[in-house]
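Only one structure is covered here, and it is reproduced in the block below.
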Amino acid sequence: MLLGADFFLSHHVYVANDQRKLYFTYNGGPVFNLDVAPTVQGGAALPTAAGNGAVEPVNAADFARRGTAFASRREYDKAIADLTRAAELAPTDPTYLFERARAYEGNHQPFLAMADLDKSLALKPDDVPALTTRAAFHLAGRDKPHALADLAAADRLAARQADVRLELAELYERADEPESAVGQFDLWIATHPEDSRQATALSQRCFTRAVWNHALDLALADCDAALKRDPKLVAARESRGLVRLRQGDPDAAAADFDAALAAQPKDPWALYGRGLARLKKGQTADGKADLAAAGALRPGLDAEAKAHGLAP
């Protein structure tokens with residue numbers, strides 16, 4: 001089990017080797033409760049929020065620690081205030097700018113977040129998390145060239161087995177770069193065989209290949225493997241339906257889309273895929289109804305599908 005530093009702001013963990021047990025403290029109230037009097041540990045008071053006799057942070061690290069804890073509780077205004085103070089006290093440390101960018105993102109202030117990411121990367125150009133975060137912002141702003149530049153830099157800097165490979169794969173998929181996305185999925189899947197996200201990653205690689213219309217036999221194997229790991233994974237049913245549609249098997253495709261829609265009746269891709277499968281089966285009225293429903297749920301899906309050769 002992995003615990004973040006913010007967890008230890010509010011809790012202690014005791015290891016009882018003789019009992020083969022772990023004990024976690026819980027004092028009631030919010031899990032990350034910063035609005036209480038300071039806890040004394042080793043003679044030093046831990047920084048908490050102002051009020052109730054609390055001790056205020058005195059240096060950049062203290063402000064940043066409290067700011068990131070506020071952010072974890074989605075109290076973004078407080079987080080931004082603390083992280084701003086940290087950045088003022090340590091203006092050459094890129095970490096505080098990056099954390100403030102994430103707080104701005106959570107607070108729905110993308111332009112301020114992007115400005116902080118630019119400043120952070122000017123101080124530390126090889127910061128992979130900052131590069132991938134900025135790439136996501138570029139993609140949201142439809143600035144694909146700059147997004148690809150950041151993704152390429154992150155790809156060069158990250159270790160082959162790094163967990164960030166999965167994030168890179170998803171970002172390349174969003175950028176409509178299927179070959180690069182599959183390459184990143186390959187690296188992550190090969191080096192994380194026991195990860196709980198394996199089924200999802202296999203399903204995503206299946207979907208990417210299906211949309212790309214490339215290596216469909218490998219795509220089908222990925223979806224089958226994903227469903228073996230997690231039989232209830234709706235995305236894998238949807239992806240396998242798309243593969244079977246590409247392979248010219250509308251009956252099997254429709255069965256997979258039906259299964260996906262039984263779990264998620266308003267899944268636009270599943271509706272669109274079933275509509276195509278029904279049209280191929282000669283069920284014209286039902287097929288057109290599915291396509292119309294998919295378009296209503298996700299405007300622009302028809303154009304997106306046609307761009308990938310999935311026209312009715």
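Residues are named by chain letter and number: chains run A, B, ... in the order of the structure tokens, numbers start at 1 in each chain, and ligands are numbered from 1 in the order shown.
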
ask   = Among segment 84-302 of chain A, which ones does DSSP place in helix (DSSP H, G or I), written as a PyMOL selection string?
value = chain A and resi 84-89+94-106+110-123+128-140+144-157+164-174+178-191+198-212+216-229+234-246+250-263+268-280+284-297+301-302

task = Show which residues sit within 12 Å of His192 of chain A, as an MDAnalysis selection string. Count only C-alpha atoms, and ignore same-chain residues fewer than 2 positions away.
result = chainID A and resid 160:166 185:190 194:199 201:202

inquiry  = Need to verify the contact set: Ala219 of chain A, 9 Å, only C-alpha atoms, exclusion of same-chain residues closer than 6 positions in sequence. Can you return it as number ranges by chain?
reply    = A: 202-203, 205-210, 239-240, 243

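In this structure, atom CA of Val234 of chain A sits 22.2 Å away from atom CA of Gly300 of chain A.
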
query = How many Å separate atom CA of Cys223 of chain A from atom CA of Glu304 of chain A?
reply =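 Going from atom CA of Cys223 of chain A over to atom CA of Glu304 of chain A, I get 22.1 Å.
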
How close does each residue of segment 201-295 of chain A get to segment 306-309 of chain A, giving the shortest atom pair and distance in Å to one decimal for every residue with an atom at most 12 Å away, counting only C-alpha atoms, sorted by chain and residue number, as JSON lines?
{"residue": "A:Thr208", "atom": "CA", "partner": "A:His308", "partner_atom": "CA", "distance": 11.0}
{"residue": "A:Arg209", "atom": "CA", "partner": "A:His308", "partner_atom": "CA", "distance": 11.2}
{"residue": "A:Ala210", "atom": "CA", "partner": "A:His308", "partner_atom": "CA", "distance": 9.6}
{"residue": "A:Val211", "atom": "CA", "partner": "A:His308", "partner_atom": "CA", "distance": 6.3}
{"residue": "A:Trp212", "atom": "CA", "partner": "A:His308", "partner_atom": "CA", "distance": 7.0}
{"residue": "A:Asn213", "atom": "CA", "partner": "A:His308", "partner_atom": "CA", "distance": 8.2}
{"residue": "A:His214", "atom": "CA", "partner": "A:His308", "partner_atom": "CA", "distance": 11.4}
{"residue": "A:Leu242", "atom": "CA", "partner": "A:His308", "partner_atom": "CA", "distance": 11.7}
{"residue": "A:Leu245", "atom": "CA", "partner": "A:Gly309", "partner_atom": "CA", "distance": 11.7}
{"residue": "A:Arg246", "atom": "CA", "partner": "A:Gly309", "partner_atom": "CA", "distance": 9.7}
{"residue": "A:Tyr272", "atom": "CA", "partner": "A:Lys306", "partner_atom": "CA", "distance": 11.3}
{"residue": "A:Gly273", "atom": "CA", "partner": "A:Lys306", "partner_atom": "CA", "distance": 12.0}
{"residue": "A:Leu276", "atom": "CA", "partner": "A:Lys306", "partner_atom": "CA", "distance": 11.5}

Export, as a PDB file, in the first residue's frame, the selected residues with N, CA and C atoms.
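File result-v4.pdb, as written:
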ATOM      1  N   THR A 208      -7.489   1.526 -29.146  1.00  0.00           N
ATOM      2  CA  THR A 208      -6.618   2.329 -30.002  1.00  0.00           C
ATOM      3  C   THR A 208      -6.352   1.613 -31.324  1.00  0.00           C
ATOM      4  N   ARG A 209      -6.069   0.324 -31.255  1.00  0.00           N
ATOM      5  CA  ARG A 209      -5.821  -0.436 -32.484  1.00  0.00           C
ATOM      6  C   ARG A 209      -7.092  -0.550 -33.320  1.00  0.00           C
ATOM      7  N   ALA A 210      -8.231  -0.690 -32.648  1.00  0.00           N
ATOM      8  CA  ALA A 210      -9.493  -0.808 -33.382  1.00  0.00           C
ATOM      9  C   ALA A 210      -9.806   0.478 -34.137  1.00  0.00           C
ATOM     10  N   VAL A 211      -9.651   1.625 -33.471  1.00  0.00           N
ATOM     11  CA  VAL A 211      -9.901   2.903 -34.130  1.00  0.00           C
ATOM     12  C   VAL A 211      -8.901   3.111 -35.257  1.00  0.00           C
ATOM     13  N   TRP A 212      -7.658   2.701 -35.018  1.00  0.00           N
ATOM     14  CA  TRP A 212      -6.581   2.821 -36.005  1.00  0.00           C
ATOM     15  C   TRP A 212      -6.785   1.840 -37.162  1.00  0.00           C
ATOM     16  N   ASN A 213      -7.579   0.776 -36.910  1.00  0.00           N
ATOM     17  CA  ASN A 213      -7.798  -0.294 -37.879  1.00  0.00           C
ATOM     18  C   ASN A 213      -6.487  -0.983 -38.229  1.00  0.00           C
ATOM     19  N   HIS A 214      -5.739  -1.315 -37.187  1.00  0.00           N
ATOM     20  CA  HIS A 214      -4.409  -1.886 -37.368  1.00  0.00           C
ATOM     21  C   HIS A 214      -4.228  -3.042 -36.382  1.00  0.00           C
ATOM     22  N   LEU A 242     -16.028  -2.970 -31.419  1.00  0.00           N
ATOM     23  CA  LEU A 242     -15.453  -2.191 -32.509  1.00  0.00           C
ATOM     24  C   LEU A 242     -14.480  -3.032 -33.332  1.00  0.00           C
ATOM     25  N   LEU A 245     -16.476  -5.345 -35.463  1.00  0.00           N
ATOM     26  CA  LEU A 245     -17.079  -4.581 -36.546  1.00  0.00           C
ATOM     27  C   LEU A 245     -16.068  -4.378 -37.664  1.00  0.00           C
ATOM     28  N   ARG A 246     -14.850  -4.031 -37.298  1.00  0.00           N
ATOM     29  CA  ARG A 246     -13.778  -3.860 -38.274  1.00  0.00           C
ATOM     30  C   ARG A 246     -13.480  -5.173 -39.000  1.00  0.00           C
ATOM     31  N   TYR A 272     -23.194   4.108 -31.059  1.00  0.00           N
ATOM     32  CA  TYR A 272     -22.786   4.353 -32.436  1.00  0.00           C
ATOM     33  C   TYR A 272     -22.326   3.042 -33.092  1.00  0.00           C
ATOM     34  N   GLY A 273     -21.524   2.272 -32.355  1.00  0.00           N
ATOM     35  CA  GLY A 273     -21.058   1.004 -32.901  1.00  0.00           C
ATOM     36  C   GLY A 273     -22.185   0.037 -33.169  1.00  0.00           C
ATOM     37  N   LEU A 276     -23.959   1.014 -36.336  1.00  0.00           N
ATOM     38  CA  LEU A 276     -23.260   0.549 -37.542  1.00  0.00           C
ATOM     39  C   LEU A 276     -23.462  -0.948 -37.755  1.00  0.00           C
TER      40      LEU A 276
END

remark   = atom CA of Lys78 of chain A sits from atom CA of Pro110 of chain A at a separation of 17.3 Å

inquiry  = My list of candidates is A:Ala235, A:Ala122, A:Ala61, A:Met114. Which is closest to Glu88 of chain A when distances are computed with only C-alpha atoms?
reply    =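 Among A:Ala235, A:Ala122, A:Ala61, A:Met114, it is A:Ala61 that comes nearest to Glu88 of chain A.
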
message = I'd like to know which of A:Thr200, A:Asp290, A:Ala147, A:Ala226 is closest to Phe257 of chain A, using only C-alpha atoms.
response =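 Looking only at the distances to Phe257 of chain A, the closest residue turns out to be A:Asp290.
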
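For the residues A:Ala293, A:Ala140, A:Leu310, A:Ala215, ranking by smallest atom-to-atom distance to Pro268 of chain A using only C-alpha atoms places A:Ala293 first.
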